[in-house]
>>> print(open('structure-v2.cif').read())   # mmCIF, C-alpha atoms (C1' of nucleotides)
data_structure
loop_
_atom_site.label_atom_id
_atom_site.label_comp_id
_atom_site.auth_asym_id
_atom_site.auth_seq_id
_atom_site.Cartn_x
_atom_site.Cartn_y
_atom_site.Cartn_z
CA MET A 1 0.00 0.00 0.00
CA GLU A 2 1.28 3.44 -0.96
CA TYR A 3 1.28 6.54 1.20
CA GLN A 4 -1.68 8.18 -0.55
CA GLU A 5 -3.82 5.05 -0.42
CA ALA A 6 -3.04 4.48 3.26
CA LYS A 7 -3.77 8.12 4.05
CA ASP A 8 -7.14 8.02 2.23
CA LYS A 9 -8.07 4.77 3.91
CA PHE A 10 -7.28 6.17 7.32
CA ILE A 11 -9.21 9.40 6.73
CA ASN A 12 -12.23 7.57 5.34
CA THR A 13 -12.37 4.97 8.09
CA TRP A 14 -12.04 7.63 10.73
CA GLY A 15 -14.72 9.67 8.94
CA SER A 16 -17.32 6.93 8.84
CA LEU A 17 -16.50 5.97 12.40
CA GLY A 18 -17.25 9.55 13.37
CA THR A 19 -20.86 9.28 12.23
CA LEU A 20 -21.25 6.29 14.48
CA TRP A 21 -19.95 8.23 17.45
CA GLY A 22 -22.15 11.24 17.02
CA ILE A 23 -19.75 13.62 15.33
CA ASN A 24 -20.12 14.20 11.63
CA LYS A 25 -18.05 12.88 8.79
CA ALA A 26 -16.33 16.09 7.78
CA MET A 27 -15.46 16.84 11.39
CA ALA A 28 -13.86 13.45 11.87
CA GLN A 29 -12.01 13.69 8.56
CA ILE A 30 -10.55 17.08 9.35
CA GLN A 31 -9.33 15.76 12.68
CA ALA A 32 -7.83 12.71 10.97
CA LEU A 33 -6.06 14.87 8.40
CA LEU A 34 -4.54 17.10 11.06
CA PHE A 35 -3.63 14.06 13.13
CA ILE A 36 -1.28 12.70 10.48
CA SER A 37 -0.06 16.04 9.17
CA THR A 38 3.54 16.99 9.90
CA LYS A 39 2.65 20.68 10.18
CA PRO A 40 -0.31 22.98 10.98
CA LEU A 41 -2.71 23.36 8.05
CA SER A 42 -4.67 26.36 6.79
CA MET A 43 -8.36 26.28 5.93
CA GLU A 44 -7.39 26.46 2.27
CA GLU A 45 -5.21 23.36 2.54
CA ILE A 46 -7.88 21.40 4.40
CA MET A 47 -10.56 22.29 1.82
CA GLU A 48 -8.25 21.34 -0.98
CA ASP A 49 -7.15 18.05 0.53
CA LEU A 50 -10.58 16.80 1.60
CA GLN A 51 -12.49 18.46 -1.27
CA ILE A 52 -15.01 20.18 0.95
CA SER A 53 -16.37 23.70 0.86
CA ARG A 54 -15.13 26.70 2.77
CA GLY A 55 -18.28 26.93 4.88
CA ASN A 56 -18.19 23.28 5.81
CA THR A 57 -14.52 23.51 6.77
CA SER A 58 -15.09 26.60 8.85
CA MET A 59 -18.04 25.19 10.77
CA ASN A 60 -16.42 21.87 11.50
CA LEU A 61 -13.14 23.40 12.58
CA ARG A 62 -15.12 25.46 15.03
CA GLN A 63 -16.82 22.40 16.43
CA LEU A 64 -13.48 20.65 16.81
CA MET A 65 -12.22 23.69 18.70
CA ASP A 66 -15.35 23.56 20.90
CA TRP A 67 -14.48 19.98 21.73
CA GLY A 68 -10.97 21.13 22.59
CA ILE A 69 -9.42 18.74 20.09
CA VAL A 70 -8.15 21.28 17.60
CA THR A 71 -6.41 24.59 18.26
CA LYS A 72 -5.62 27.65 16.18
CA GLU A 73 -1.94 28.11 15.59
CA LEU A 74 -0.76 31.62 14.74
CA ILE A 75 2.20 31.49 12.41
CA PRO A 76 4.35 34.65 12.47
CA GLY A 77 4.24 36.54 9.20
CA GLU A 78 1.09 34.70 8.03
CA ARG A 79 -2.30 36.31 7.87
CA LYS A 80 -4.22 33.02 7.63
CA ASP A 81 -5.16 30.91 10.63
CA PHE A 82 -3.47 27.55 10.90
CA PHE A 83 -4.83 24.54 12.76
CA THR A 84 -3.39 21.61 14.68
CA THR A 85 -4.94 18.75 16.61
CA GLU A 86 -3.83 17.15 19.84
CA LYS A 87 -1.18 14.66 18.75
CA ASP A 88 -0.98 12.49 21.85
CA VAL A 89 -3.52 9.66 21.66
CA GLU A 90 -3.96 9.29 25.41
CA GLU A 91 -4.64 12.98 25.82
CA LEU A 92 -7.03 12.83 22.88
CA ALA A 93 -8.89 9.91 24.47
CA ARG A 94 -9.04 11.80 27.74
CA ILE A 95 -10.62 14.85 26.08
CA VAL A 96 -13.12 12.74 24.14
CA ALA A 97 -14.13 10.77 27.24
CA LYS A 98 -14.64 13.91 29.31
CA GLU A 99 -16.66 15.65 26.60
CA ARG A 100 -18.88 12.64 25.98
CA SER A 101 -19.51 12.33 29.68
CA ARG A 102 -20.49 15.97 29.90
CA ARG A 103 -22.53 16.20 26.71
CA GLU A 104 -24.26 12.85 26.58
CA ILE A 105 -23.98 10.72 29.68
CA LYS A 106 -24.71 13.34 32.34
CA PRO A 107 -27.93 14.55 30.65
CA VAL A 108 -29.17 10.96 30.31
CA ILE A 109 -28.47 10.30 33.98
CA LYS A 110 -30.54 13.39 34.78
CA VAL A 111 -33.54 12.11 32.79
CA LEU A 112 -33.25 8.62 34.29
CA SER A 113 -33.04 10.11 37.72
CA ASP A 114 -36.17 12.23 37.14
CA VAL A 115 -38.13 9.37 35.63
CA SER A 116 -37.16 6.89 38.32
CA SER A 117 -38.27 9.22 41.08
CA ILE A 118 -41.90 9.62 40.08
CA LYS A 119 -44.47 8.87 42.76
CA ASP A 120 -45.24 5.17 43.19
CA ASP A 121 -49.00 4.94 42.71
CA GLY A 122 -48.95 1.25 43.60
CA SER A 123 -49.73 -0.04 40.10
CA GLU A 124 -47.59 -2.78 38.65
CA LYS A 125 -46.57 -0.79 35.58
CA THR A 126 -45.42 2.17 37.66
CA LYS A 127 -43.41 -0.13 39.90
CA GLU A 128 -41.75 -1.67 36.83
CA LEU A 129 -40.94 1.73 35.29
CA ILE A 130 -39.37 2.90 38.54
CA LYS A 131 -37.44 -0.33 39.09
CA GLN A 132 -36.02 -0.53 35.57
CA THR A 133 -35.12 3.13 35.13
CA LYS A 134 -33.52 3.11 38.56
CA ALA A 135 -31.37 0.13 37.61
CA LEU A 136 -30.40 1.84 34.37
CA LYS A 137 -29.63 5.05 36.21
CA GLU A 138 -27.33 3.21 38.61
CA LEU A 139 -25.55 1.39 35.78
CA THR A 140 -25.03 4.55 33.75
CA ASP A 141 -23.87 6.45 36.80
CA ASN A 142 -21.35 3.76 37.69
CA LEU A 143 -20.03 3.52 34.15
CA ASP A 144 -19.61 7.27 34.04
CA VAL A 145 -17.70 7.28 37.32
CA LEU A 146 -15.60 4.36 36.14
CA MET A 147 -14.72 6.05 32.87
CA ASN A 148 -13.80 9.28 34.58
CA LYS A 149 -11.63 7.45 37.13
CA LEU A 150 -9.81 5.64 34.33
CA VAL A 151 -9.15 8.81 32.47
CA ASP A 152 -8.08 10.82 35.51
CA GLN A 153 -5.04 8.67 36.10
CA LYS A 154 -2.41 10.91 34.67
CA GLN A 155 0.02 8.61 32.90
CA ASN A 156 -0.38 5.37 30.97
CA TRP A 157 -3.87 4.99 32.28
CA ILE A 158 -4.81 2.14 30.03
CA THR A 159 -1.79 0.03 30.86
CA LYS A 160 -2.22 0.69 34.57
CA SER A 161 -5.92 -0.10 34.48
CA LEU A 162 -5.35 -3.29 32.58
CA LEU A 163 -2.80 -4.46 35.12
CA LYS A 164 -5.19 -3.80 37.98
CA LEU A 165 -7.99 -5.67 36.33
CA ILE A 166 -5.98 -8.79 35.55
CA LYS A 167 -6.65 -9.63 39.22
CA MET B 1 -44.77 13.65 36.94
CA GLU B 2 -47.39 11.10 35.94
CA TYR B 3 -46.78 7.57 34.71
CA GLN B 4 -47.55 8.36 31.06
CA GLU B 5 -45.34 11.44 31.00
CA ALA B 6 -42.46 9.58 32.65
CA LYS B 7 -42.84 6.67 30.25
CA ASP B 8 -42.83 8.95 27.18
CA LYS B 9 -39.84 10.84 28.48
CA PHE B 10 -37.91 7.64 29.03
CA ILE B 11 -38.76 6.22 25.60
CA ASN B 12 -37.91 9.45 23.83
CA THR B 13 -34.62 9.98 25.61
CA TRP B 14 -33.61 6.41 24.96
CA GLY B 15 -34.67 6.83 21.33
CA SER B 16 -32.59 9.91 20.63
CA LEU B 17 -29.67 8.41 22.50
CA GLY B 18 -29.89 5.45 20.15
CA THR B 19 -29.21 7.59 17.11
CA LEU B 20 -26.08 8.87 18.77
CA TRP B 21 -24.85 5.34 19.39
CA GLY B 22 -25.40 4.05 15.92
CA ILE B 23 -28.69 2.24 16.33
CA ASN B 24 -31.81 3.87 15.00
CA LYS B 25 -34.54 5.67 16.86
CA ALA B 26 -37.33 3.15 16.39
CA MET B 27 -35.04 0.30 17.41
CA ALA B 28 -34.05 2.04 20.62
CA GLN B 29 -37.66 2.99 21.38
CA ILE B 30 -38.92 -0.54 20.93
CA GLN B 31 -36.26 -1.80 23.29
CA ALA B 32 -37.15 0.91 25.81
CA LEU B 33 -40.83 0.04 25.62
CA LEU B 34 -40.16 -3.65 26.20
CA PHE B 35 -37.72 -2.82 28.96
CA ILE B 36 -40.40 -1.18 31.10
CA SER B 37 -43.26 -3.43 30.08
CA THR B 38 -44.60 -5.85 32.68
CA LYS B 39 -45.38 -8.49 30.04
CA PRO B 40 -44.31 -9.60 26.55
CA LEU B 41 -45.80 -7.40 23.79
CA SER B 42 -47.11 -8.29 20.35
CA MET B 43 -46.21 -6.40 17.20
CA GLU B 44 -49.68 -4.89 17.22
CA GLU B 45 -49.22 -3.49 20.71
CA ILE B 46 -45.79 -2.05 19.90
CA MET B 47 -47.05 -0.34 16.71
CA GLU B 48 -49.99 1.08 18.59
CA ASP B 49 -47.99 2.33 21.54
CA LEU B 50 -45.15 3.93 19.58
CA GLN B 51 -47.29 4.96 16.58
CA ILE B 52 -45.01 3.37 14.03
CA SER B 53 -45.83 1.27 10.98
CA ARG B 54 -45.98 -2.49 10.77
CA GLY B 55 -42.96 -2.70 8.46
CA ASN B 56 -40.83 -0.50 10.65
CA THR B 57 -41.73 -2.53 13.73
CA SER B 58 -40.99 -5.80 12.02
CA MET B 59 -37.57 -4.74 10.71
CA ASN B 60 -36.43 -3.21 13.96
CA LEU B 61 -37.58 -6.14 16.04
CA ARG B 62 -35.51 -8.33 13.80
CA GLN B 63 -32.45 -6.17 14.28
CA LEU B 64 -32.95 -6.26 18.04
CA MET B 65 -33.10 -10.05 17.83
CA ASP B 66 -29.88 -10.03 15.74
CA TRP B 67 -28.22 -8.08 18.52
CA GLY B 68 -29.48 -10.68 20.99
CA ILE B 69 -31.30 -8.06 23.04
CA VAL B 70 -34.85 -9.09 22.26
CA THR B 71 -36.34 -12.57 22.05
CA LYS B 72 -39.54 -14.03 20.68
CA GLU B 73 -41.80 -15.41 23.35
CA LEU B 74 -44.35 -18.00 22.31
CA ILE B 75 -47.47 -17.70 24.36
CA PRO B 76 -49.58 -20.91 24.50
CA GLY B 77 -52.91 -20.52 22.82
CA GLU B 78 -51.82 -17.35 20.98
CA ARG B 79 -51.14 -17.20 17.28
CA LYS B 80 -49.20 -13.92 17.38
CA ASP B 81 -45.53 -13.64 18.26
CA PHE B 82 -44.75 -11.85 21.50
CA PHE B 83 -41.49 -10.11 22.33
CA THR B 84 -39.43 -9.46 25.44
CA THR B 85 -36.09 -7.79 26.06
CA GLU B 86 -33.33 -8.75 28.46
CA LYS B 87 -34.42 -7.22 31.75
CA ASP B 88 -31.15 -7.35 33.66
CA VAL B 89 -29.17 -4.17 33.04
CA GLU B 90 -25.75 -5.76 33.60
CA GLU B 91 -26.49 -8.51 31.14
CA LEU B 92 -27.80 -5.94 28.69
CA ALA B 93 -24.62 -3.90 29.02
CA ARG B 94 -22.56 -7.06 28.53
CA ILE B 95 -24.38 -7.88 25.27
CA VAL B 96 -24.10 -4.33 23.95
CA ALA B 97 -20.40 -4.11 24.79
CA LYS B 98 -19.61 -7.43 23.08
CA GLU B 99 -21.60 -6.56 19.98
CA ARG B 100 -20.05 -3.13 19.63
CA SER B 101 -16.61 -4.64 20.02
CA ARG B 102 -17.34 -7.17 17.31
CA ARG B 103 -19.17 -4.88 14.89
CA GLU B 104 -17.28 -1.63 15.21
CA ILE B 105 -14.07 -1.75 17.18
CA LYS B 106 -12.50 -4.89 15.72
CA PRO B 107 -12.92 -3.70 12.09
CA VAL B 108 -11.33 -0.34 12.94
CA ILE B 109 -8.39 -2.06 14.57
CA LYS B 110 -7.92 -4.05 11.37
CA VAL B 111 -7.77 -0.91 9.22
CA LEU B 112 -5.42 0.84 11.64
CA SER B 113 -3.23 -2.20 11.67
CA ASP B 114 -3.09 -2.31 7.85
CA VAL B 115 -2.43 1.39 7.48
CA SER B 116 0.27 1.47 10.15
CA SER B 117 2.18 -1.34 8.52
CA ILE B 118 2.80 0.25 5.12
CA LYS B 119 6.40 0.34 3.93
CA ASP B 120 8.43 3.20 5.39
CA ASP B 121 9.77 5.07 2.36
CA GLY B 122 11.83 7.33 4.59
CA SER B 123 9.75 10.48 3.98
CA GLU B 124 8.64 12.54 6.93
CA LYS B 125 4.95 12.30 6.09
CA THR B 126 5.07 8.51 5.82
CA LYS B 127 6.86 8.28 9.15
CA GLU B 128 4.18 10.48 10.75
CA LEU B 129 1.32 8.43 9.26
CA ILE B 130 2.87 5.21 10.54
CA LYS B 131 3.64 6.63 13.97
CA GLN B 132 0.22 8.15 14.56
CA THR B 133 -1.86 5.28 13.24
CA LYS B 134 0.26 2.83 15.21
CA ALA B 135 -0.38 4.81 18.41
CA LEU B 136 -4.10 4.88 17.63
CA LYS B 137 -4.10 1.17 16.91
CA GLU B 138 -2.47 0.43 20.24
CA LEU B 139 -4.90 2.66 22.12
CA THR B 140 -7.96 1.15 20.45
CA ASP B 141 -6.65 -2.36 20.96
CA ASN B 142 -6.06 -1.75 24.65
CA LEU B 143 -9.43 -0.14 25.19
CA ASP B 144 -11.08 -3.07 23.49
CA VAL B 145 -9.24 -5.57 25.67
CA LEU B 146 -10.03 -3.50 28.76
CA MET B 147 -13.72 -3.33 27.92
CA ASN B 148 -13.93 -7.05 27.27
CA LYS B 149 -12.12 -7.84 30.52
CA LEU B 150 -14.53 -5.65 32.46
CA VAL B 151 -17.51 -7.30 30.92
CA ASP B 152 -16.22 -10.83 31.32
CA GLN B 153 -16.30 -10.67 35.09
CA LYS B 154 -19.44 -12.57 35.77
CA GLN B 155 -21.13 -10.79 38.66
CA ASN B 156 -21.34 -7.16 39.68
CA TRP B 157 -18.61 -6.29 37.26
CA ILE B 158 -18.99 -2.56 37.58
CA THR B 159 -18.81 -2.55 41.35
CA LYS B 160 -15.85 -4.91 41.33
CA SER B 161 -14.02 -2.91 38.69
CA LEU B 162 -14.60 0.32 40.52
CA LEU B 163 -13.16 -1.13 43.71
CA LYS B 164 -10.05 -2.34 41.94
CA LEU B 165 -9.46 0.97 40.24
CA ILE B 166 -9.78 3.09 43.36
CA LYS B 167 -6.19 1.99 44.01
"C1'" DA C 1 -10.10 55.36 6.77
"C1'" DC C 2 -9.66 52.16 3.31
"C1'" DA C 3 -9.22 47.94 1.00
"C1'" DA C 4 -7.33 43.45 0.82
"C1'" DA C 5 -7.18 39.08 3.15
"C1'" DC C 6 -9.39 36.23 5.48
"C1'" DT C 7 -13.47 33.87 8.25
"C1'" DT C 8 -18.21 33.15 9.42
"C1'" DT C 9 -23.06 32.70 8.62
"C1'" DC C 10 -27.17 30.77 6.84
"C1'" DA C 11 -30.83 29.74 3.38
"C1'" DA C 12 -31.19 26.68 -0.23
"C1'" DA C 13 -29.77 22.41 -2.45
"C1'" DG C 14 -28.17 17.93 -2.03
"C1'" DT C 15 -27.54 13.52 0.16
"C1'" DT C 16 -28.41 9.96 3.23
"C1'" DT C 17 -31.22 7.39 6.20
"C1'" DA C 18 -35.71 6.01 8.11
"C1'" DT C 19 -40.47 5.03 7.46
"C1'" DT C 20 -44.56 3.65 5.28
"C1'" DG C 21 -47.93 0.50 3.51
"C1'" DA C 22 -49.46 -2.57 0.19
"C1'" DA C 23 -48.23 -6.87 -1.82
"C1'" DA C 24 -45.92 -11.23 -1.26
"C1'" DG C 25 -44.75 -14.76 1.85
"C1'" DT C 26 -45.45 -17.93 5.72
"C1'" DT C 27 -47.72 -20.54 9.22
"C1'" DT C 28 -51.56 -22.72 11.40
"C1'" DA C 29 -56.05 -24.85 12.20
"C1'" DA C 30 -59.71 -27.19 10.48
"C1'" DT D 1 -56.10 -27.88 0.68
"C1'" DT D 2 -57.84 -23.77 1.92
"C1'" DA D 3 -58.26 -19.56 4.04
"C1'" DA D 4 -57.51 -16.72 7.87
"C1'" DA D 5 -53.94 -14.80 10.81
"C1'" DC D 6 -49.93 -13.14 10.98
"C1'" DT D 7 -45.02 -11.46 9.36
"C1'" DT D 8 -41.73 -9.88 6.04
"C1'" DT D 9 -40.18 -7.40 2.07
"C1'" DC D 10 -39.25 -3.49 -0.69
"C1'" DA D 11 -40.21 0.48 -3.82
"C1'" DA D 12 -41.85 4.89 -3.00
"C1'" DT D 13 -41.96 8.75 0.09
"C1'" DA D 14 -40.70 11.50 3.89
"C1'" DA D 15 -37.71 13.17 7.33
"C1'" DA D 16 -33.25 14.25 8.99
"C1'" DC D 17 -28.90 15.64 8.34
"C1'" DT D 18 -24.97 17.65 5.66
"C1'" DT D 19 -22.95 20.63 2.42
"C1'" DT D 20 -22.59 24.50 -0.47
"C1'" DG D 21 -21.43 29.19 -1.77
"C1'" DA D 22 -22.28 33.81 -1.90
"C1'" DA D 23 -23.00 37.65 1.11
"C1'" DA D 24 -21.94 39.67 5.50
"C1'" DG D 25 -18.60 40.20 8.94
"C1'" DT D 26 -13.95 40.78 10.85
"C1'" DT D 27 -9.13 41.77 11.09
"C1'" DT D 28 -4.84 43.75 9.56
"C1'" DG D 29 -1.50 46.67 7.21
"C1'" DT D 30 -0.70 51.05 5.17
#
>>> encode(input="structure-v2.cif", output="structure tokens")
Amino acid sequence: MEYQEAKDKFINTWGSLGTLWGINKAMAQIQALLFISTKPLSMEEIMEDLQISRGNTSMNLRQLMDWGIVTKELIPGERKDFFTTEKDVEELARIVAKERSRREIKPVIKVLSDVSSIKDDGSEKTKELIKQTKALKELTDNLDVLMNKLVDQKQNWITKSLLKLIK
Amino acid sequence: MEYQEAKDKFINTWGSLGTLWGINKAMAQIQALLFISTKPLSMEEIMEDLQISRGNTSMNLRQLMDWGIVTKELIPGERKDFFTTEKDVEELARIVAKERSRREIKPVIKVLSDVSSIKDDGSEKTKELIKQTKALKELTDNLDVLMNKLVDQKQNWITKSLLKLIK
DNA sequence: ACAAACTTTCAAAGTTTATTGAAAGTTTAA
DNA sequence: TTAAACTTTCAATAAACTTTGAAAGTTTGT
């Protein structure tokens, strides 16, 4: 496999994976492109490379910056903005985990908590709704805590966690 | 909050969460409905309750059965099929984790592995592509192993895992 | 203050994905 | 074997989501 083919394959796989994880294709592709780039890229270069419009590039770069995954790089003597992504995979995973917890998991826990605390009117269906949503709330809560604990360990968290779990 | 309001809220939240996790809205809603139902439901009852078409119900029930989350229940004396979902949240989480590993994570690892093993032609950009995709491959691989280890612990895996990780 | 260089916005167009419902298929009971 | 009861399929339609590009906005250098 040649460089160009490998690069395209990586960007496309990452792009379609993005959709599955709730971020859109262009957003994931831009991140992928920056991730394997040896230098910061301008909007022009990103548009050109991925064949997407200026507007699309602008909006998705902004979202990536909102996530804290991409940052503007100011290059002396250049008027354009240049962009880079976090290059360290563990740090990247940490950011993604924290953001997903904040944006998705926490709000779901809130709903489950509300639903599971409705007044028990004694009917079987109400009892079941309360019981099941409470169980789901507890599971989600625990998973969220677990994920955040994992990610808070500052260095080599995956390796360390794996070792602990072996027994 | 009344029963009906709480039920709708739960089904809707679960439904929109589904989209975000790569399964579709109707599929997630059907699962949610079964999850809080006190008895197996027929296709008719599901259509009626969620206001979705027969075809949609049929296809999504099948997908849920493919995932191993929903099973057909044959009720003596009844001609219709009835459906139930796994009611234990830990078991449910176990199934979902295993399926996502198989369907999504493993294929990505394969691509990353292919891309990161292209021939190093000595250029800086090739070196960067190899280095970054290799790091991503290792991270994904480790997370996958970690997730599967968590889930393989037979009872109270979340509680146990949390205890181990506290230190 | 001006204009060139650059970025952002957003309505319209395009694309993808989900849903419908009627027809075809299957199973069951008599 | 037939027909009623039920489920599945799939082409057409609808809904949701993404992308475009031109106009508006912003920043910078002179």
>>> resolve_selection(input="structure-v2.cif", expression="the PyMOL selection byres ((chain C and resi 14) around 9)", output="PyMOL selection string")
(chain C and resi 13+15) or (chain D and resi 18-20)
>>> closest_residue(input="structure-v2.cif", among="B:Asp114, B:Asp121, B:Asp8, B:Glu86", to="Thr133 in chain B", atoms="only C-alpha atoms")
B:Asp114
>>> residues_around(input="structure-v2.cif", residues="DA16 in chain D", least_positions_apart="2", cutoff="12 Å", atoms="only C-alpha atoms (C1' of nucleotides)", output="ChimeraX atom specification")
/B:19,25 /C:15-19 /D:14,18
>>> closest_residue(input="structure-v2.cif", among="B:Leu61, B:Ile75, B:Leu92, B:Leu129", to="chain D", atoms="only C-alpha atoms (C1' of nucleotides)")
B:Leu61
>>> residues_around(input="structure-v2.cif", residues="DT7 in chain D", least_positions_apart="3", cutoff="10 Å", atoms="only C-alpha atoms (C1' of nucleotides)", output="list in words")
Met43, Arg54, Gly55, Ser58, Lys80 and Asp81 of chain B; DG25, DT26 and DT27 of chain C
>>> atom_distance(input="structure-v2.cif", atom1="CA of Glu73 in chain B", atom2="CA of Val96 in chain B")
20.9 Å
>>> residues_near_point(input="structure-v2.cif", point="(-47.5, 1.2, 25.6)", cutoff="10 Å", atoms="only C-alpha atoms (C1' of nucleotides)", output="ChimeraX atom specification")
/B:4,7-8,30,33-34,36-37,41,45-51
>>> atom_distance(input="structure-v2.cif", atom1="CA of Lys110 in chain A", atom2="CA of Met1 in chain B")
14.4 Å
>>> closest_residue(input="structure-v2.cif", among="A:Asn60, A:Ser42, A:Thr13, A:Gln31", to="chain D", atoms="only C-alpha atoms (C1' of nucleotides)")
A:Asn60
>>> interface_residues(input="structure-v2.cif", of="chain A", to="chain B", cutoff="7 Å", atoms="all atoms listed in the file", output="MDAnalysis selection string")
chainID A and resid 1 3 6 10 20:22 36:38 89 115 118 125:126 128:129 132 135:136 142 146 158 161:162 164:165
